[in-house]
Structures are given as structure tokens and as C-alpha cells.
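What follows is the content of my_file22.txt (compact mmCIF, C-alpha atoms and all ligand atoms).
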```txt
# COMPACT_ATOMS: atom_id res chain seq x y z
CA MET Q 1 0.00 0.00 0.00
CA SER Q 2 1.36 3.40 -0.90
CA HIS Q 3 2.15 5.94 1.80
CA HIS Q 4 -0.81 8.19 2.63
CA PRO Q 5 0.40 11.78 2.99
CA ASN Q 6 -0.71 14.15 5.72
CA LEU Q 7 -3.26 16.53 4.18
CA SER Q 8 -3.27 19.31 6.76
CA GLN Q 9 -1.13 21.84 4.89
CA GLY Q 10 -2.96 24.74 3.26
CA ARG Q 11 -5.40 27.20 4.77
CA GLY Q 12 -7.11 25.83 7.89
CA TYR Q 13 -10.68 26.33 8.91
CA LEU Q 14 -11.20 27.14 12.59
CA ALA Q 15 -14.78 25.85 12.78
CA ILE Q 16 -15.27 26.56 16.47
CA PRO Q 17 -18.00 28.89 17.78
CA GLY Q 18 -15.73 31.83 18.45
CA PRO Q 19 -13.28 33.23 17.85
CA SER Q 20 -14.53 32.92 14.28
CA VAL Q 21 -12.76 33.15 10.94
CA MET Q 22 -11.22 36.59 10.37
CA PRO Q 23 -11.65 38.11 6.88
CA GLU Q 24 -8.53 39.37 5.06
CA ALA Q 25 -10.17 42.78 4.95
CA VAL Q 26 -10.31 42.87 8.75
CA LEU Q 27 -6.71 41.66 9.14
CA ASN Q 28 -5.46 44.12 6.53
CA ALA Q 29 -7.31 47.02 8.15
CA MET Q 30 -5.58 46.23 11.44
CA HIS Q 31 -2.10 46.03 9.92
CA ARG Q 32 -1.01 49.64 10.44
CA PRO Q 33 1.15 51.76 12.72
CA ALA Q 34 -0.34 53.08 15.95
CA PRO Q 35 -2.69 55.98 15.24
CA ASN Q 36 -3.08 59.16 17.27
CA ILE Q 37 -5.87 58.65 19.78
CA TYR Q 38 -6.44 62.35 20.57
CA ALA Q 39 -7.40 63.80 17.21
CA GLY Q 40 -8.15 62.88 13.65
CA GLU Q 41 -9.34 59.73 11.94
CA LEU Q 42 -9.85 57.50 14.97
CA ILE Q 43 -12.21 59.98 16.61
CA ASP Q 44 -14.06 60.67 13.37
CA MET Q 45 -14.61 56.93 12.90
CA MET Q 46 -16.60 56.54 16.12
CA PRO Q 47 -20.05 58.04 15.33
CA PRO Q 48 -20.64 55.95 12.18
CA LEU Q 49 -19.22 52.87 13.92
CA MET Q 50 -21.69 53.21 16.78
CA GLN Q 51 -24.51 53.92 14.33
CA ASP Q 52 -23.74 50.80 12.30
CA LEU Q 53 -23.69 48.65 15.43
CA ARG Q 54 -27.07 50.07 16.46
CA ARG Q 55 -28.42 49.30 13.02
CA ILE Q 56 -27.38 45.63 13.29
CA ALA Q 57 -28.88 45.43 16.79
CA LYS Q 58 -32.08 47.01 15.42
CA THR Q 59 -32.13 49.67 18.11
CA ASP Q 60 -32.31 53.46 18.32
CA HIS Q 61 -31.05 53.41 21.91
CA GLN Q 62 -27.66 53.82 23.52
CA LEU Q 63 -24.48 51.83 23.26
CA ALA Q 64 -21.31 51.59 25.35
CA MET Q 65 -18.07 50.01 24.14
CA TYR Q 66 -15.60 48.23 26.45
CA ILE Q 67 -12.12 46.82 25.99
CA GLY Q 68 -12.81 43.27 27.11
CA ASN Q 69 -14.38 40.03 25.98
CA GLY Q 70 -17.92 38.75 26.44
CA HIS Q 71 -17.36 38.11 30.13
CA ALA Q 72 -16.53 41.81 30.47
CA ALA Q 73 -19.80 42.77 28.78
CA TRP Q 74 -21.69 40.47 31.17
CA GLU Q 75 -20.18 42.27 34.14
CA ALA Q 76 -20.57 45.72 32.56
CA ALA Q 77 -24.28 45.26 31.92
CA LEU Q 78 -25.03 43.92 35.40
CA SER Q 79 -22.91 46.59 37.12
CA ASN Q 80 -25.14 49.33 35.72
CA VAL Q 81 -28.50 47.96 36.82
CA ILE Q 82 -28.01 45.51 39.70
CA ALA Q 83 -27.21 46.43 43.31
CA PRO Q 84 -25.98 43.88 45.88
CA GLY Q 85 -28.97 41.96 47.22
CA ASP Q 86 -31.12 42.51 44.13
CA LYS Q 87 -32.92 39.43 42.89
CA VAL Q 88 -32.02 38.24 39.39
CA LEU Q 89 -33.82 35.43 37.53
CA VAL Q 90 -31.72 33.26 35.22
CA PRO Q 91 -33.66 30.87 32.95
CA ALA Q 92 -30.67 28.77 31.84
CA THR Q 93 -30.44 26.60 28.71
CA GLY Q 94 -26.75 25.81 28.88
CA ARG Q 95 -23.46 26.82 30.31
CA PHE Q 96 -23.53 30.46 29.21
CA GLY Q 97 -26.75 31.21 31.06
CA ILE Q 98 -25.24 29.66 34.18
CA GLY Q 99 -22.07 31.69 33.58
CA TRP Q 100 -23.88 35.02 33.33
CA GLY Q 101 -25.77 34.12 36.50
CA ASP Q 102 -22.44 33.38 38.24
CA THR Q 103 -21.24 36.84 37.23
CA ALA Q 104 -24.33 38.33 38.90
CA THR Q 105 -23.64 36.24 42.03
CA GLY Q 106 -20.11 37.64 42.06
CA LEU Q 107 -21.57 41.15 42.12
CA GLY Q 108 -23.68 40.31 45.16
CA ALA Q 109 -26.99 39.66 43.41
CA ASP Q 110 -29.43 37.09 44.77
CA VAL Q 111 -29.50 34.77 41.75
CA GLU Q 112 -32.32 32.32 41.13
CA VAL Q 113 -31.58 29.84 38.35
CA MET Q 114 -34.41 28.09 36.50
CA ASP Q 115 -32.57 25.29 34.75
CA PHE Q 116 -34.20 24.11 31.53
CA GLY Q 117 -31.50 21.53 30.87
CA LEU Q 118 -29.13 21.04 27.95
CA GLN Q 119 -31.46 19.99 25.13
CA SER Q 120 -34.39 22.39 25.19
CA ALA Q 121 -35.23 26.05 24.94
CA LEU Q 122 -36.52 27.95 27.95
CA ASP Q 123 -40.13 27.23 28.84
CA ILE Q 124 -42.05 30.49 28.58
CA ASP Q 125 -45.04 29.20 30.58
CA ARG Q 126 -42.91 28.22 33.54
CA ILE Q 127 -41.22 31.62 33.56
CA ALA Q 128 -44.62 33.30 33.33
CA GLN Q 129 -45.75 31.34 36.41
CA ARG Q 130 -42.67 32.45 38.32
CA LEU Q 131 -43.25 36.09 37.36
CA ARG Q 132 -46.90 35.99 38.40
CA ALA Q 133 -45.85 34.57 41.78
CA ASP Q 134 -43.50 37.52 42.30
CA THR Q 135 -46.26 39.93 43.32
CA ALA Q 136 -43.81 42.06 45.33
CA HIS Q 137 -41.70 42.55 42.17
CA GLU Q 138 -38.55 41.42 43.89
CA ILE Q 139 -37.05 40.20 40.60
CA LYS Q 140 -35.13 43.15 39.15
CA ALA Q 141 -33.89 41.54 35.97
CA ILE Q 142 -34.21 38.40 33.83
CA LEU Q 143 -31.00 37.25 32.13
CA VAL Q 144 -31.73 35.48 28.84
CA VAL Q 145 -29.06 34.02 26.56
CA HIS Q 146 -30.39 34.34 23.00
CA VAL Q 147 -28.18 31.55 21.63
CA ASP Q 148 -26.52 29.40 24.26
CA THR Q 149 -23.32 28.38 22.48
CA SER Q 150 -22.84 25.27 24.60
CA THR Q 151 -26.12 23.65 23.58
CA SER Q 152 -26.76 25.63 20.34
CA VAL Q 153 -30.33 26.36 21.36
CA VAL Q 154 -32.00 29.63 20.33
CA ASN Q 155 -34.41 31.16 22.84
CA ASP Q 156 -37.60 33.14 22.22
CA VAL Q 157 -36.63 36.59 23.47
CA ALA Q 158 -39.83 38.31 22.28
CA GLY Q 159 -41.79 35.62 24.12
CA VAL Q 160 -40.13 36.61 27.40
CA ARG Q 161 -41.07 40.25 26.79
CA ALA Q 162 -44.67 39.20 26.15
CA ILE Q 163 -44.97 37.40 29.49
CA LEU Q 164 -43.30 40.28 31.36
CA ASP Q 165 -45.89 42.62 29.86
CA ALA Q 166 -48.76 40.22 30.48
CA ALA Q 167 -47.75 39.91 34.14
CA GLY Q 168 -47.26 43.69 34.42
CA HIS Q 169 -43.79 42.90 35.77
CA PRO Q 170 -41.17 45.68 35.71
CA ALA Q 171 -38.04 43.46 35.68
CA LEU Q 172 -35.48 44.43 33.04
CA LEU Q 173 -35.13 42.05 30.12
CA MET Q 174 -31.37 41.55 29.63
CA VAL Q 175 -30.13 39.48 26.70
CA ASP Q 176 -26.78 37.91 25.81
CA CYS Q 177 -26.35 38.07 22.01
CA ILE Q 178 -22.65 37.22 22.03
CA ALA Q 179 -23.07 34.14 19.82
CA SER Q 180 -26.09 35.30 17.86
CA PHE Q 181 -25.16 38.87 16.91
CA ALA Q 182 -25.05 39.21 13.10
CA CYS Q 183 -25.86 35.48 12.77
CA ASP Q 184 -29.37 34.82 14.11
CA ARG Q 185 -32.17 37.35 13.68
CA PHE Q 186 -32.39 39.73 16.61
CA GLU Q 187 -34.42 42.95 16.93
CA MET Q 188 -33.71 44.76 20.17
CA ASP Q 189 -36.38 47.47 20.13
CA HIS Q 190 -39.12 45.49 18.39
CA TRP Q 191 -38.64 42.59 20.81
CA GLY Q 192 -38.68 44.92 23.83
CA VAL Q 193 -35.17 44.18 25.09
CA ASP Q 194 -33.90 46.60 27.75
CA VAL Q 195 -30.21 45.62 27.82
CA MET Q 196 -28.24 43.61 25.26
CA VAL Q 197 -24.62 42.49 25.43
CA THR Q 198 -22.40 41.30 22.62
CA ALA Q 199 -18.73 40.94 21.69
CA CYS Q 200 -16.68 41.30 18.53
CA GLN Q 201 -15.13 37.86 17.94
CA LYS Q 202 -18.09 35.87 16.66
CA GLY Q 203 -20.53 37.24 14.07
CA LEU Q 204 -18.52 40.48 13.95
CA MET Q 205 -15.41 38.63 12.68
CA VAL Q 206 -12.85 40.67 14.66
CA PRO Q 207 -10.27 39.21 17.07
CA PRO Q 208 -11.51 39.07 20.68
CA GLY Q 209 -11.02 42.25 22.66
CA VAL Q 210 -13.97 44.64 22.46
CA SER Q 211 -17.52 44.16 23.62
CA PHE Q 212 -20.70 46.19 23.71
CA VAL Q 213 -23.64 46.93 25.97
CA PHE Q 214 -26.79 48.36 24.38
CA PHE Q 215 -29.39 49.85 26.75
CA ASN Q 216 -32.71 51.65 26.49
CA ASP Q 217 -34.28 54.44 28.56
CA ARG Q 218 -35.82 52.04 31.10
CA ALA Q 219 -32.37 50.65 31.81
CA SER Q 220 -30.92 54.19 31.96
CA ALA Q 221 -33.48 55.08 34.62
CA VAL Q 222 -32.46 52.03 36.69
CA ARG Q 223 -28.80 53.05 36.31
CA ALA Q 224 -29.60 56.60 37.43
CA ALA Q 225 -31.29 55.32 40.59
CA LEU Q 226 -28.31 53.18 41.71
CA PRO Q 227 -26.22 54.72 44.51
CA ARG Q 228 -22.97 53.95 42.69
CA VAL Q 229 -21.53 52.16 39.66
CA SER Q 230 -17.83 51.28 39.46
CA ARG Q 231 -15.97 53.77 37.29
CA PHE Q 232 -14.73 51.35 34.67
CA TRP Q 233 -18.08 49.67 34.06
CA ASP Q 234 -20.26 52.79 34.22
CA TRP Q 235 -21.94 53.01 30.83
CA THR Q 236 -22.91 56.69 31.14
CA PRO Q 237 -19.59 58.29 30.04
CA ARG Q 238 -19.00 55.52 27.48
CA ALA Q 239 -22.30 56.19 25.77
CA ASN Q 240 -21.63 59.93 25.69
CA PRO Q 241 -19.85 60.84 22.44
CA ALA Q 242 -18.24 63.91 24.01
CA GLU Q 243 -16.51 61.70 26.56
CA PHE Q 244 -15.92 58.24 25.14
CA PHE Q 245 -15.16 59.20 21.57
CA GLN Q 246 -12.34 61.37 22.91
CA TYR Q 247 -11.25 58.33 24.91
CA HIS Q 248 -11.68 59.97 28.30
CA CYS Q 249 -12.41 56.40 29.47
CA GLY Q 250 -8.86 55.25 28.72
CA THR Q 251 -6.76 54.36 25.69
CA ALA Q 252 -8.82 53.47 22.65
CA PRO Q 253 -8.85 49.89 21.34
CA THR Q 254 -7.12 51.40 18.29
CA HIS Q 255 -6.67 48.43 15.97
CA HIS Q 256 -9.95 46.83 16.89
CA ILE Q 257 -11.68 49.99 15.72
CA TYR Q 258 -10.07 49.65 12.29
CA GLY Q 259 -10.85 45.93 12.14
CA LEU Q 260 -14.42 46.50 13.22
CA ARG Q 261 -14.83 49.22 10.59
CA ALA Q 262 -13.81 46.75 7.88
CA ALA Q 263 -16.15 44.07 9.27
CA LEU Q 264 -19.09 46.47 9.46
CA ASP Q 265 -18.40 47.57 5.87
CA MET Q 266 -18.71 43.92 4.82
CA ILE Q 267 -21.95 43.45 6.77
CA ASN Q 268 -23.37 46.70 5.37
CA ALA Q 269 -22.48 45.69 1.81
CA GLU Q 270 -24.20 42.30 2.20
CA GLY Q 271 -27.13 43.70 4.19
CA ILE Q 272 -28.08 42.33 7.62
CA GLU Q 273 -31.14 40.51 6.26
CA ASN Q 274 -28.89 38.70 3.75
CA VAL Q 275 -26.33 37.99 6.48
CA TRP Q 276 -29.07 36.36 8.55
CA SER Q 277 -30.45 34.33 5.66
CA ARG Q 278 -26.93 33.19 4.64
CA HIS Q 279 -26.43 31.89 8.18
CA ALA Q 280 -29.85 30.22 8.12
CA THR Q 281 -29.11 28.39 4.86
CA LEU Q 282 -25.59 27.32 5.85
CA ALA Q 283 -26.99 26.04 9.16
CA ARG Q 284 -29.66 24.04 7.31
CA ALA Q 285 -26.91 22.42 5.23
CA VAL Q 286 -25.09 21.36 8.40
CA TRP Q 287 -28.30 19.96 9.90
CA ALA Q 288 -29.20 18.12 6.70
CA ALA Q 289 -25.86 16.30 6.73
CA CYS Q 290 -26.07 15.52 10.44
CA GLU Q 291 -29.59 14.15 10.11
CA MET Q 292 -28.45 11.74 7.38
CA TRP Q 293 -25.41 10.64 9.38
CA GLY Q 294 -27.74 10.11 12.33
CA THR Q 295 -29.94 7.61 10.50
CA GLN Q 296 -27.39 4.97 11.61
CA GLY Q 297 -24.92 4.98 14.48
CA SER Q 298 -24.85 7.48 17.32
CA LEU Q 299 -24.35 10.93 15.79
CA ALA Q 300 -27.19 13.26 16.82
CA LEU Q 301 -28.00 16.95 16.80
CA ASN Q 302 -28.21 18.17 20.39
CA ILE Q 303 -31.38 20.17 19.68
CA ALA Q 304 -34.03 18.00 18.06
CA ASP Q 305 -36.44 20.73 16.94
CA PRO Q 306 -35.02 22.70 13.95
CA ALA Q 307 -36.98 25.78 15.03
CA LEU Q 308 -34.97 25.87 18.26
CA ARG Q 309 -31.54 25.51 16.62
CA SER Q 310 -29.15 28.42 16.30
CA HIS Q 311 -27.87 29.45 12.88
CA ALA Q 312 -24.43 30.24 14.34
CA VAL Q 313 -23.36 26.99 15.96
CA THR Q 314 -24.42 23.34 16.03
CA ALA Q 315 -23.84 21.13 19.09
CA LEU Q 316 -23.54 17.42 18.34
CA ARG Q 317 -23.34 14.12 20.18
CA LEU Q 318 -21.38 10.99 19.27
CA ASP Q 319 -20.77 7.97 21.50
CA ALA Q 320 -17.76 8.76 23.71
CA PRO Q 321 -14.88 8.88 22.96
CA GLN Q 322 -15.69 9.20 19.24
CA ALA Q 323 -16.37 12.95 19.34
CA THR Q 324 -12.87 13.64 20.63
CA GLN Q 325 -11.35 11.10 18.25
CA LEU Q 326 -13.06 12.81 15.32
CA ARG Q 327 -11.92 16.28 16.44
CA ASP Q 328 -8.36 15.02 16.83
CA TRP Q 329 -8.40 13.28 13.46
CA VAL Q 330 -9.62 16.27 11.42
CA GLN Q 331 -7.21 18.55 13.27
CA GLU Q 332 -4.17 16.38 12.64
CA ASN Q 333 -4.98 15.14 9.17
CA ILE Q 334 -6.89 17.75 7.18
CA GLY Q 335 -6.44 21.18 8.80
CA LEU Q 336 -9.94 21.44 10.25
CA THR Q 337 -10.59 22.45 13.86
CA LEU Q 338 -13.95 21.49 15.35
CA GLY Q 339 -15.23 22.87 18.66
CA ILE Q 340 -15.08 20.94 21.92
CA GLY Q 341 -18.27 20.07 23.75
CA LEU Q 342 -18.83 22.62 26.49
CA GLY Q 343 -20.91 22.25 29.61
CA MET Q 344 -22.45 18.94 28.52
CA ALA Q 345 -20.42 16.74 30.89
CA PRO Q 346 -17.77 17.43 33.56
CA VAL Q 347 -14.53 18.70 31.97
CA GLY Q 348 -12.14 15.81 31.27
CA SER Q 349 -14.69 13.12 32.19
CA ALA Q 350 -15.16 10.09 29.94
CA ALA Q 351 -18.59 11.42 28.97
CA SER Q 352 -17.13 14.77 27.82
CA HIS Q 353 -15.60 12.94 24.84
CA GLY Q 354 -19.08 12.36 23.46
CA PHE Q 355 -19.81 15.99 22.51
CA PHE Q 356 -18.50 18.46 19.95
CA ARG Q 357 -19.62 21.59 18.13
CA VAL Q 358 -19.38 23.10 14.67
CA GLY Q 359 -19.12 26.87 14.45
CA HIS Q 360 -20.69 28.39 11.33
CA MET Q 361 -20.68 32.04 12.30
CA GLY Q 362 -19.40 35.16 10.56
CA HIS Q 363 -17.07 34.90 7.57
CA VAL Q 364 -18.37 31.55 6.33
CA ASN Q 365 -19.64 30.52 2.89
CA GLY Q 366 -20.99 27.53 1.00
CA GLN Q 367 -17.67 25.93 0.05
CA MET Q 368 -16.39 26.23 3.64
CA ILE Q 369 -19.48 24.47 4.97
CA MET Q 370 -19.18 21.72 2.34
CA GLY Q 371 -15.50 21.50 3.34
CA VAL Q 372 -16.23 21.08 7.02
CA LEU Q 373 -18.90 18.46 6.31
CA GLY Q 374 -16.68 16.63 3.81
CA GLY Q 375 -13.91 16.68 6.38
CA MET Q 376 -16.20 15.18 9.00
CA GLU Q 377 -17.21 12.47 6.52
CA ALA Q 378 -13.54 11.66 5.81
CA GLY Q 379 -12.76 11.56 9.52
CA MET Q 380 -15.66 9.27 10.37
CA ALA Q 381 -14.73 6.99 7.46
CA ALA Q 382 -11.08 6.83 8.53
CA LEU Q 383 -12.06 6.09 12.12
CA GLY Q 384 -14.73 3.55 11.17
CA ILE Q 385 -17.47 5.52 12.92
CA LYS Q 386 -20.88 4.11 12.03
CA ARG Q 387 -23.12 6.62 10.26
CA GLY Q 388 -25.88 6.90 7.69
CA ALA Q 389 -25.10 7.50 3.99
CA GLY Q 390 -26.03 10.50 1.85
CA ALA Q 391 -25.01 13.28 4.24
CA LEU Q 392 -22.97 15.27 1.73
CA ASP Q 393 -25.65 14.92 -0.94
CA ALA Q 394 -28.24 16.28 1.49
CA ALA Q 395 -26.03 19.24 2.40
CA ALA Q 396 -25.17 19.95 -1.23
CA LYS Q 397 -28.86 20.08 -2.05
CA VAL Q 398 -29.40 22.80 0.55
CA ILE Q 399 -26.33 24.73 -0.63
CA GLY Q 400 -27.51 24.42 -4.22
CA GLY Q 401 -30.96 25.71 -3.39
CA GLY Q 402 -32.69 22.40 -4.12
C1 LIG Q 501 -18.66 33.30 23.59
C2 LIG Q 501 -19.82 33.55 24.48
C3 LIG Q 501 -19.69 34.18 25.74
C4 LIG Q 501 -18.37 34.51 26.33
O1 LIG Q 501 -17.65 35.41 25.59
P1 LIG Q 501 -16.10 35.58 25.92
O2 LIG Q 501 -15.65 36.59 24.92
O3 LIG Q 501 -15.48 34.23 25.74
O4 LIG Q 501 -15.99 36.08 27.31
C5 LIG Q 501 -20.83 34.44 26.45
N1 LIG Q 501 -22.05 34.12 25.99
C6 LIG Q 501 -22.20 33.50 24.82
C7 LIG Q 501 -23.59 33.16 24.38
C8 LIG Q 501 -21.11 33.20 24.03
O5 LIG Q 501 -21.27 32.57 22.86
```
For this file, produce the structure as C-alpha cells.
Ligand SMILES: *Cc1c(COP(=O)(O)O)cnc(C)c1O
Amino acid sequence: MSHHPNLSQGRGYLAIPGPSVMPEAVLNAMHRPAPNIYAGELIDMMPPLMQDLRRIAKTDHQLAMYIGNGHAAWEAALSNVIAPGDKVLVPATGRFGIGWGDTATGLGADVEVMDFGLQSALDIDRIAQRLRADTAHEIKAILVVHVDTSTSVVNDVAGVRAILDAAGHPALLMVDCIASFACDRFEMDHWGVDVMVTACQKGLMVPPGVSFVFFNDRASAVRAALPRVSRFWDWTPRANPAEFFQYHCGTAPTHHIYGLRAALDMINAEGIENVWSRHATLARAVWAACEMWGTQGSLALNIADPALRSHAVTALRLDAPQATQLRDWVQENIGLTLGIGLGMAPVGSAASHGFFRVGHMGHVNGQMIMGVLGGMEAGMAALGIKRGAGALDAAAKVIGGG
């Protein structure tokens, strides 16, 4: 038998759910000497940058930018509206909901988790019951993760607003759109969201390092009534162009601003509706392949109902340790990096090797998705993993519009 060469040379595809693939245009925009932060281009870039971000979030309200990742945005948002002792309700559908709740606990909030497990969306009726029982309005905020990246479930944000309104409950609706922003449809004002957090390294296609908190007038009023907010997290100066745009809040994230400008230009040129429908179609191609593989053997989509699946990431199951074996194989042999399972089983446990994820967020197109699926097919064939036939045909049909 002839020697089989290693096929991992060439451009890799980091198919994990963030950081996502960075476009050349973003990388090129960042490749420049340090700019002046006190006058000129960098300051002039800020108003349109903020306006473009608001347009993607579908909001006319305010926006604060932070140097920091998604965890920073979690803390920033909570710091402006939650005082120690305040009750916060966390309807969790995966590890990121739990994580945001932990951040609130760290700030002294009284956190109540409603755990909806790892394979379903949050149950609106159960939350409605809990809100109706809170006649004293002790719950100050509900923390909802739009797409929980660990389970790849998408939650009904507008549905949570509807039950808040129906119960006449004043709690703030706070939403984590870190995985979903510029991937899954989201409409902040129309859906009645009070506070939204996101970060730049997923649908926005920029290296990790800046994050954003959007907030409406109801949230501003809650902020104004707090006795104090820590200086760094206070969103008031950051949302004020006269202060933040002059970088009175500290050194500007100079190169991220150039990278983000390039990314927003790409999103504007495509149009956010087209960006969303591209993600929807690419996600359907991934699901189509996985459903065919799953007709035999153990591979299964973590979220059974297609209507509850994110368009940004897909969480998958395979009998342990095959998920880890497959990830290792495609990494070592064909230059493809798949995401680890997160929050599905204790880290490092035998069971944790039965989960993995495919990121399909941001700078991703049809040939990349066919590549990732073809790579998975090759890996499962090489490893002798039992699976149904016809997966690539099913995906190609979706990509081809059939
Ligand atoms: C990635 C992610 C986070 C965490 O963001 P970091 O930048 O890693 O801190 C939080 N929530 C969701 C839904 C995410 O996808």
C-alpha cells in the first residue's frame, strides 16, 4: 500500500464557535502603525461605527463600548442595573446562562436559576408562572441568553417580553447576544429588550477584545437610581460621544476599531437581512448532513427541533470517545478544527468525549461548509465511525438551493 500523505497543509478552517474566521479585509485594516488617539481619523470613525452597530442590533437606543471580551460585557451590563442583594432570575439553557448568572452572584446579586437543561429552549409558561408569583416585584432583571453556544439552542426573546408585559412585571429584560449577533435574527427594540450584550469575535469577525452593551431608557433610569456604579463599568460616560469618543475612558482599542470598521463595511455591503439568511441556509446544510449521518450509528443533533436551533453553531453528540477522536483526526490530518463540547459533561470526564460543536458564524460561505462536512465524513470513514449514507448529498442540495 502506498504511503498516505498528511493533508493538513494549506489554509485551515477554525470551525469553532468563536473566535470565528477573520476576513482578510479585517486583518489588513488592522495592519497599520499606531494611530493618534487624541485627534483625527480614529475619533471621526466613532459616530458611524456606533450607528452601524445600532443598526445591526435594530435599536435606536444607547451603546457603550468596552475593551474586554464577552465576560466583560456580562459584568458591565449587570454593574449598571443591579445592586448587591437585588434578585435576578436566570432561565438557563446551557453553560452560558449559568455563567452570566455566576457573574451576577459575584456582584452580590441574589441569583435564582431556573434550569431548563441542555437539550431544550426555555419554557415560557414556567417563567410566566414564576413572574406571576413575584407579586412584590422582587425580581429586578431576567437574564436570557439568545443563543446558548454550549447547547446551540436559540431562545424566544420576544416571548419573554410578552410574558413580562402580560404579568405587568417591571423586571429588566437583559439578553446575551454574544453568539447570535449578526448570525441569528435579533431585533432589540421590536422585541422589547432593555439591555443587550455582545462581543466582537463571533458574528462580527474581529479578534476578541472589544464588547458592547446596548441599553434603552428604562435601563438608563435604573442606572440613574443606583447609589454607585464602578468607574470602569459605568456606561454613562461611554455612551456619551463627548466623553468616550475622545477616549476619556482610557486608551482606545485602536486596531480593533479599524478591524471592526472593515467588518461592518462587509456586513453593510451584504445587508443584515442577507447575512441572517446566509447563516440560516448554511446552518440548514449542516443539519441536513447531520440528520443523514444520524440515520445509523450514534451521531445526533443536540437540539431536536429545527426551530430551536441556532444558525451560528451546532452542538452534536457521538458515543464517547468518538467525538474527541473525530476532532483530533480532522485537526491532525486535514487542517480542520472542530469545537469541543462545552458544559455537557464534567470537563475531562469520559462522557465529555461524546460531545463536539461546529461553528458556522461570521465569515463563512458555501464551500467552507461543504468543506467542514466533507472533512467530517472523511474523519468518520477513517475512524470507522458508524453513520448513515447521503449526508454530503443532502447538504449539497441545501447549498444548491434544491
Ligand atoms: C462566547 C460567548 C460568551 C463569552 O464570551 P467571551 O468573549 O469568551 O468572554 C458568552 N455568551 C455567549 C452566548 C457566548 O457565545
Which residue, Q:Arg95, Q:His360, Q:His353, Q:Lys140, has the smallest gap to ligand LIG 501 (chain Q) when you use only C-alpha atoms and all ligand atoms?
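Closest residue, counting only C-alpha atoms and all ligand atoms: Q:Arg95.
Considering the residues Q:Val26, Q:Leu89, Q:Val153, Q:Val145 and counting only C-alpha atoms and all ligand atoms, ligand LIG 501 (chain Q) has its shortest atom-to-atom contact with Q:Val145.
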Please enclose the listed atoms of stretch 17-27 of chain Q in an axis-aligned box, pad each side by 5 Å, and write out the centre and the three edge lengths in Å, rounded to one decimal, as lines of an AutoDock Vina configuration file.
```
center_x = -12.4
center_y = 35.9
center_z = 11.7
size_x = 21.3
size_y = 24.0
size_z = 23.5
```
Can you pull out every residue within 10 Å of Q:Thr149, counting all atoms listed in the file, but drop anything in the same chain fewer than 6 positions away, and send it as a ChimeraX atom specification?
/Q:17-18,93-97,178-180,310,312-315,341-343,357,359
Just to confirm, what's the straight-line distance from atom CA of Q:Met370 to atom CA of Q:Glu332 in Å (one decimal)?
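Calculated distance between atom CA of Q:Met370 and atom CA of Q:Glu332 is 19.0 Å.
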Hey, which residues come within 9 Å of ligand LIG 501 (chain Q) if we count only C-alpha atoms and all ligand atoms? Could you give them as a PyMOL selection string?
chain Q and resi 17-19+68-74+95-97+99-100+145-150+176-180+197-202+208-211
Residue subset to file, keeping C-alpha atoms, as an mmCIF file, in the frame of the given file:
```
data_model
loop_
_atom_site.group_PDB
_atom_site.id
_atom_site.type_symbol
_atom_site.label_atom_id
_atom_site.label_comp_id
_atom_site.auth_asym_id
_atom_site.auth_seq_id
_atom_site.Cartn_x
_atom_site.Cartn_y
_atom_site.Cartn_z
ATOM 1 C CA PRO Q 17 -18.000 28.890 17.780
ATOM 2 C CA GLY Q 18 -15.730 31.830 18.450
ATOM 3 C CA PRO Q 19 -13.280 33.230 17.850
ATOM 4 C CA GLY Q 68 -12.810 43.270 27.110
ATOM 5 C CA ASN Q 69 -14.380 40.030 25.980
ATOM 6 C CA GLY Q 70 -17.920 38.750 26.440
ATOM 7 C CA HIS Q 71 -17.360 38.110 30.130
ATOM 8 C CA ALA Q 72 -16.530 41.810 30.470
ATOM 9 C CA ALA Q 73 -19.800 42.770 28.780
ATOM 10 C CA TRP Q 74 -21.690 40.470 31.170
ATOM 11 C CA ARG Q 95 -23.460 26.820 30.310
ATOM 12 C CA PHE Q 96 -23.530 30.460 29.210
ATOM 13 C CA GLY Q 97 -26.750 31.210 31.060
ATOM 14 C CA GLY Q 99 -22.070 31.690 33.580
ATOM 15 C CA TRP Q 100 -23.880 35.020 33.330
ATOM 16 C CA VAL Q 145 -29.060 34.020 26.560
ATOM 17 C CA HIS Q 146 -30.390 34.340 23.000
ATOM 18 C CA VAL Q 147 -28.180 31.550 21.630
ATOM 19 C CA ASP Q 148 -26.520 29.400 24.260
ATOM 20 C CA THR Q 149 -23.320 28.380 22.480
ATOM 21 C CA SER Q 150 -22.840 25.270 24.600
ATOM 22 C CA ASP Q 176 -26.780 37.910 25.810
ATOM 23 C CA CYS Q 177 -26.350 38.070 22.010
ATOM 24 C CA ILE Q 178 -22.650 37.220 22.030
ATOM 25 C CA ALA Q 179 -23.070 34.140 19.820
ATOM 26 C CA SER Q 180 -26.090 35.300 17.860
ATOM 27 C CA VAL Q 197 -24.620 42.490 25.430
ATOM 28 C CA THR Q 198 -22.400 41.300 22.620
ATOM 29 C CA ALA Q 199 -18.730 40.940 21.690
ATOM 30 C CA CYS Q 200 -16.680 41.300 18.530
ATOM 31 C CA GLN Q 201 -15.130 37.860 17.940
ATOM 32 C CA LYS Q 202 -18.090 35.870 16.660
ATOM 33 C CA PRO Q 208 -11.510 39.070 20.680
ATOM 34 C CA GLY Q 209 -11.020 42.250 22.660
ATOM 35 C CA VAL Q 210 -13.970 44.640 22.460
ATOM 36 C CA SER Q 211 -17.520 44.160 23.620
#
```
